[in-house]
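A.B. asks: Right, I'll just put the structure down here and ask away after.
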Amino acid sequence: MRKIIGMIALFSLVLNFSFTSYATERLISSNGAEYQEILSMKDDVLYHINYGGARTELNRDVEADEIEMERAYKVYANSELLKAKNIKQALESSHYIWQIPVYTDDFTILVDITKVTSIPDDIPEDAKEMLKDDLNKWTVGAVYVYKAETIDYGNTVMTSLVEAGYSSDEYLYEIVSGIPGISYPVAIVFDADENPEFVIPVEKAATHAFNGAWPTAAVNREKAAIPSDAQYSSNDDINGFPVYYFDDVARASNSYNQSGIGGVGLPYSKNAFEKEVLAALIFGASGILLVSSIHKKL
């Protein structure tokens, strides 16, 4: 179960993440402009773990050699992403953070590295002063603690694809958080032509957003229906999660977003798309009949 440690509400509301360039690698590249800057924050990460709320969960201090900053993962945040016609291009203008995974005993700790790039005018002056000190600097944000659950985005995506019958070498992916109806991080998987093909939950909490009998993308067998009360592994051994079709998820999320409903949970209806097409055809036919009727009267 995930527990969020040290989240500052005000900071979360005004935070904007920077963007430099789009890359197909999720792990921070040693050739990237941010590499040394992120790696230099190891002491800050260690401090926030050992002197923050996470320490009470862990019952011991984390050692410096347990923190591998080069394992930083890029996590995009774009609630409008699935509405875009070109997902790859949309990622180029999306905000992102770096996330550091730390594995100790039976815990996974995820540490957010974030950057404030602007200060809103409509916040209190004292809040503005606080944010000025960190403006355009990478800083440690929220710290998440998972007990008895291994969170490893790369291995989870690879295992999920292989278990569904796909060669993981033929796909690229990006991690995205904040999708309406899901909220928790998922992987958007692209084919060789850079078209979005699948969506894979990368932590157990994200699997619970898929309510109802969702079809999964499994090779050489009929679409499997995943019941809403299905029990998933805690991912201790990096077991895979269901692989969903991107178009199904995008349609459900965009419908959810339009409804303005809060919370987490995407219902699946196999007839939803057909109903949308039928409604469009009926509307179009009605328009044609109306125009025809007007012409006859004239």
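Just so we're on the same page: first chain in the structure tokens is A, next is B, and so on; residues restart at 1 for each chain, and ligands are numbered from 1 in the order they show up.
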Out of stretch 65-174 of chain A, which residues get strand (DSSP E or B) from DSSP, as a PyMOL selection string?
C.D. replies: chain A and resi 67+73-77+95-104+107-116+135+138-147+172-174
A.B. asks: Find the residues near stretch 106-118 of chain A: any atom within 9 Å, counting only C-alpha atoms, skip ones fewer than 6 places away on the same chain, and give them as a PyMOL selection string.
C.D. replies: chain A and resi 11+14-18+38+41+45+48-49+54+58+72+96-100+131-132+134-152+236
A.B. asks: Counting only C-alpha atoms, which residues of stretch 112-214 of chain A sit at most 6 Å from some atom of stretch 75-88 of chain A, and what is each one's closest atom pair with its distance in Å to one decimal, listed by chain and rising residue number, as CSV?
C.D. replies:
```
residue,atom,partner,partner_atom,distance
A:Ile175,CA,A:Val75,CA,5.1
A:Val176,CA,A:Tyr76,CA,4.6
A:Ser177,CA,A:Ala77,CA,5.2
A:Gly178,CA,A:Ser79,CA,5.5
A:Ile179,CA,A:Ser79,CA,4.9
```
A.B. asks: Given only C-alpha atoms as the basis, pick out the residue of A:Glu70, A:Tyr256, A:Ser183, A:Asp191 nearest to A:Ser168.
C.D. replies: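 Residue with the minimum atom-to-atom distance to A:Ser168: A:Asp191.
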A.B. asks: Measuring between only C-alpha atoms, which one of A:Glu92, A:Asp122, A:Asp248, A:Glu34 shows the shortest distance to A:Val199?
C.D. replies: A:Asp248
A.B. asks: What's around A:Val62 at 12 Å? Count only C-alpha atoms, leave out sequence neighbours fewer than 2 positions away in its own chain, and write the answer as a PyMOL selection string.
C.D. replies: chain A and resi 42-43+45-52+54-60+64-68+102-105+107-109
A.B. asks: May I have all residues of stretch 37-240 of chain A that DSSP, computed from the backbone, assigns to helix (DSSP H, G or I), given as number ranges by chain?
C.D. replies: A: 37-39, 42-50, 54-58, 64-66, 69-71, 81-83, 87-92, 125-132, 153-163, 168-170, 204-207
A.B. asks: In Å to one decimal, how far is atom CA of A:Gly181 from atom CA of A:Ser253?
C.D. replies: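 A separation of 5.8 Å between them.
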A.B. asks: Between atom CA of A:Leu39 and atom CA of A:Tyr184, what is the distance, to one decimal in Å?
C.D. replies: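 Atom CA of A:Leu39 sits 25.4 Å away from atom CA of A:Tyr184.
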A.B. asks: Can you pull out the residues contacting A:Glu174? Cut-off 12 Å, using only C-alpha atoms, and skip same-chain residues under 3 positions away; I want them as number ranges by chain.
C.D. replies: A: 22-27, 73-77, 87-88, 91-92, 94, 96, 153-154, 157, 171, 177, 185-191, 194, 196-202
A.B. asks: Could you take the residues named above and write them with C-alpha atoms, as a PDB file, in the first residue's frame?
C.D. replies:
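Below is the file that was written, part23.pdb:
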```pdb
ATOM      1  CA  TYR A  22      11.762  14.338 -25.892  1.00  0.00           C
ATOM      2  CA  ALA A  23      13.615  11.051 -25.551  1.00  0.00           C
ATOM      3  CA  THR A  24      12.587   7.451 -26.051  1.00  0.00           C
ATOM      4  CA  GLU A  25      14.607   6.396 -22.999  1.00  0.00           C
ATOM      5  CA  ARG A  26      12.786   6.711 -19.713  1.00  0.00           C
ATOM      6  CA  LEU A  27      15.889   6.323 -17.566  1.00  0.00           C
ATOM      7  CA  TYR A  73      12.826   7.761 -14.249  1.00  0.00           C
ATOM      8  CA  LYS A  74      11.057  10.438 -16.256  1.00  0.00           C
ATOM      9  CA  VAL A  75       7.355  10.636 -15.386  1.00  0.00           C
ATOM     10  CA  TYR A  76       5.168  12.911 -17.506  1.00  0.00           C
ATOM     11  CA  ALA A  77       2.166  14.789 -16.134  1.00  0.00           C
ATOM     12  CA  ILE A  87       0.633  11.570 -28.512  1.00  0.00           C
ATOM     13  CA  LYS A  88       4.354  11.744 -29.231  1.00  0.00           C
ATOM     14  CA  LEU A  91       4.688  14.656 -24.835  1.00  0.00           C
ATOM     15  CA  GLU A  92       7.173  17.180 -26.158  1.00  0.00           C
ATOM     16  CA  SER A  94       4.233  17.991 -21.376  1.00  0.00           C
ATOM     17  CA  TYR A  96       7.594  15.990 -16.222  1.00  0.00           C
ATOM     18  CA  TYR A 153       8.543   0.536 -14.164  1.00  0.00           C
ATOM     19  CA  GLY A 154      10.902  -0.963 -16.737  1.00  0.00           C
ATOM     20  CA  VAL A 157       6.365  -3.121 -18.683  1.00  0.00           C
ATOM     21  CA  TYR A 171       8.080  -1.433 -28.399  1.00  0.00           C
ATOM     22  CA  SER A 177       0.712  10.088 -14.439  1.00  0.00           C
ATOM     23  CA  PRO A 185       1.291   6.068 -13.254  1.00  0.00           C
ATOM     24  CA  VAL A 186       0.823   3.956 -16.378  1.00  0.00           C
ATOM     25  CA  ALA A 187       3.015   3.165 -19.360  1.00  0.00           C
ATOM     26  CA  ILE A 188       1.882   4.281 -22.801  1.00  0.00           C
ATOM     27  CA  VAL A 189       3.427   1.772 -25.191  1.00  0.00           C
ATOM     28  CA  PHE A 190       4.304   2.745 -28.775  1.00  0.00           C
ATOM     29  CA  ASP A 191       4.863   0.484 -31.758  1.00  0.00           C
ATOM     30  CA  GLU A 194       5.574   5.523 -32.847  1.00  0.00           C
ATOM     31  CA  PRO A 196       0.339   4.459 -29.233  1.00  0.00           C
ATOM     32  CA  GLU A 197      -0.831   0.853 -29.024  1.00  0.00           C
ATOM     33  CA  PHE A 198      -1.152  -0.219 -25.393  1.00  0.00           C
ATOM     34  CA  VAL A 199      -1.572   1.126 -21.865  1.00  0.00           C
ATOM     35  CA  ILE A 200      -0.069  -0.844 -18.968  1.00  0.00           C
ATOM     36  CA  PRO A 201      -0.466  -0.077 -15.246  1.00  0.00           C
ATOM     37  CA  VAL A 202       2.961   0.112 -13.622  1.00  0.00           C
TER      38      VAL A 202
END
```
A.B. asks: Could you tell me how far atom CA of A:Pro242 sits from atom CA of A:Pro215, in Å to one decimal place?
C.D. replies: 9.3 Å
